[in-house]
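As structure tokens, the structure follows; a few thoughts come after it.
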Amino acid sequence: MTETTPKTIPADAPAMRSLVEKARIMSADDMRRAISRLSHEIIERIGGPEDVIICGIRTRGQFLAERIVKKIKEIEDVRVPLGILDITLYRDDLQTVAKQPVVRSTEIPVSIVDKHVVLVDDVLYTGRTIRAAMDEVIDFGRPKTIQLAVLVDRGHREFPIRADYVGKNVPTSQNEVVKVQFAEVDGADSVVVLEFEEES
């Protein structure tokens with residue numbers, strides 16, 4: 001789940017300011033290599049694909065998780081279970097997001113008890129999305145470990161949360177937004193940094 005409004009976009013940002021592209025920090029090839037590296041690191045650190053569950057956080061974390069599962073299948077010839085989390089009802093800002101938030105299904109096809117659950121998201125920012133995801137996972141049982149894989153870590157943590165696996169660390173300002181684009185929904189793969197344009 002890309003941490004955009006209201007988390008990536010500063011709450012006190014003027015409403016009429018628009019975002020402009022500042023830098024393209026990952027190409028499709030960069031993303032492919034990062035996903036391959038993340039997949040290898042997950043298997044190496046855990047010691048194999050057994051007892052691993054990959055759980056993507058909707059929406060873009062889901063696409064990243066699907067690609068990691070596919071890459072692990074290529075590496076180990078084993079398809080690890082894929083879970084999809086919708087953390088809407090676990091958000092600590094739920095009342096400020098919408099009067100009637102859109103809630104989609106969470107799908108975890110196997111028991112997580114005594115398993116290594118790897119949460120997957122596209123961008124790690126404040127850590128609040130990950131905290132909500134961990135709360136939801138725990139409601140399904142007691143895993144052996146909960147680990148975190150992200151494509152981009154942009155800093156500015158508000159909770160004491162860090163990623164175990166990181167595709168790219170990108171220092172950013174609070175005035176910037178990191179947008180991960182996936183071909184599945186955006187037509188192409190890339191990661192761009194957007195910035196609020198200065199008022200004239």
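How things are named: the first chain in the structure tokens is A, the next is B, and so on; residues count from 1 in each chain; ligands count from 1 in the order shown.
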Contacts of A:Gln147 within 8 Å, only C-alpha atoms, excl. fewer than 3 positions in-chain, as an NGL selection string: :A and (116-119 or 163-164)
Saved selection, atoms kept: C-alpha atoms, as a short mmCIF file (atom, residue, chain, number, x, y, z; two decimals), in the first residue's frame:
data_model
loop_
_atom_site.label_atom_id
_atom_site.label_comp_id
_atom_site.auth_asym_id
_atom_site.auth_seq_id
_atom_site.Cartn_x
_atom_site.Cartn_y
_atom_site.Cartn_z
CA HIS A 116 7.78 -17.07 8.66
CA VAL A 117 5.47 -14.29 7.45
CA VAL A 118 7.14 -11.79 5.13
CA LEU A 119 5.12 -8.60 4.81
CA ALA A 163 12.71 -3.37 6.85
CA ASP A 164 14.60 -6.68 6.79
#
Find the residues around A:Arg91 up to 9 Å (only C-alpha atoms counted), leave out those fewer than 4 positions away in its own chain, and share them as a list in words.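 Everything that qualifies: Ile87, Gln95, Arg128, Thr129, Arg131, Ala132 and Ala133 of chain A.
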How would you write, as a PyMOL selection string, the set of residues in stretch 71-154 of chain A that DSSP gives as strand (DSSP E or B)? chain A and resi 82-85+107+116-124+145-153
Please return, as a PyMOL selection string, all residues of stretch 97-148 of chain A that DSSP assigns to helix (DSSP H, G or I) on the basis of the backbone. chain A and resi 97+128-138
Quick one: write out the picked residues with C-alpha atoms as a PDB file, in the first residue's frame?
ATOM      1  CA  VAL A  97      -9.661   8.991   6.018  1.00  0.00           C
ATOM      2  CA  ARG A 128       2.176   3.156  10.382  1.00  0.00           C
ATOM      3  CA  THR A 129       0.993   0.957   7.502  1.00  0.00           C
ATOM      4  CA  ILE A 130       3.330  -1.820   8.629  1.00  0.00           C
ATOM      5  CA  ARG A 131       2.187  -1.548  12.236  1.00  0.00           C
ATOM      6  CA  ALA A 132      -1.404  -1.978  11.049  1.00  0.00           C
ATOM      7  CA  ALA A 133      -0.394  -4.964   8.906  1.00  0.00           C
ATOM      8  CA  MET A 134       1.332  -6.637  11.861  1.00  0.00           C
ATOM      9  CA  ASP A 135      -1.783  -6.158  13.995  1.00  0.00           C
ATOM     10  CA  GLU A 136      -3.861  -7.854  11.329  1.00  0.00           C
ATOM     11  CA  VAL A 137      -1.432 -10.750  10.897  1.00  0.00           C
ATOM     12  CA  ILE A 138      -1.439 -11.437  14.636  1.00  0.00           C
TER      13      ILE A 138
END
Quote the spacing between atom CA of A:Glu198 and atom CA of A:Ala23 in Å to one decimal place. 16.1 Å
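With distances restricted to only C-alpha atoms, A:Asn175 is the closest residue to A:Arg17 from A:Gly155, A:Val166, A:Gly187, A:Asn175.
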Pick out the closest residue to A:Thr126 from this set: A:Tyr90, A:Ile112, A:Ile161, A:Arg142. Count only C-alpha atoms.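 Going through A:Tyr90, A:Ile112, A:Ile161, A:Arg142 one by one, the smallest distance to A:Thr126 is for A:Ile161.
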Would you pick out the contacts of A:Arg24 at 9 Å or less, using only C-alpha atoms, so that residues sharing its chain but fewer than 5 positions from it are not included, and give the list as a list of chain:residue names? A:Ser190, A:Val191, A:Val192, A:Val193, A:Leu194
So which residues touch A:Gly61 within 10 Å, counting only C-alpha atoms, skipping near sequence neighbours fewer than 4 positions away, as a list of chain:residue names?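 Counting only C-alpha atoms, the residues come to A:Met1, A:Thr2, A:Cys55, A:Gly56, A:Ile57, A:Ala65, A:Glu66, A:Arg67, A:Ile84, A:Leu85, A:Leu119, A:Val120, A:Asp121, A:Asp122, A:Val123, A:Ala149, A:Val150, A:Leu151, A:Val180.
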Dump C-alpha atoms for the selected residues as a PDB file, in the first residue's frame?
ATOM      1  CA  MET A   1       0.000   0.000   0.000  1.00  0.00           C
ATOM      2  CA  THR A   2       1.753   3.113  -1.167  1.00  0.00           C
ATOM      3  CA  CYS A  55       1.903 -11.337   2.385  1.00  0.00           C
ATOM      4  CA  GLY A  56       1.452  -8.283   0.179  1.00  0.00           C
ATOM      5  CA  ILE A  57      -0.258  -5.158   1.504  1.00  0.00           C
ATOM      6  CA  ALA A  65       4.486  -9.792  -3.420  1.00  0.00           C
ATOM      7  CA  GLU A  66       3.183 -11.619  -6.496  1.00  0.00           C
ATOM      8  CA  ARG A  67       6.470 -10.979  -8.296  1.00  0.00           C
ATOM      9  CA  ILE A  84      -3.023 -10.389   0.489  1.00  0.00           C
ATOM     10  CA  LEU A  85      -3.735  -7.967   3.339  1.00  0.00           C
ATOM     11  CA  LEU A 119       5.124  -8.603   4.806  1.00  0.00           C
ATOM     12  CA  VAL A 120       5.639  -6.886   1.455  1.00  0.00           C
ATOM     13  CA  ASP A 121       4.969  -3.253   0.588  1.00  0.00           C
ATOM     14  CA  ASP A 122       6.201  -0.914  -2.110  1.00  0.00           C
ATOM     15  CA  VAL A 123       7.274   2.059   0.032  1.00  0.00           C
ATOM     16  CA  ALA A 149      10.414  -6.543   2.517  1.00  0.00           C
ATOM     17  CA  VAL A 150      10.004  -3.219   0.699  1.00  0.00           C
ATOM     18  CA  LEU A 151      11.046  -1.970  -2.693  1.00  0.00           C
ATOM     19  CA  VAL A 180       6.060   3.094  -7.439  1.00  0.00           C
TER      20      VAL A 180
END
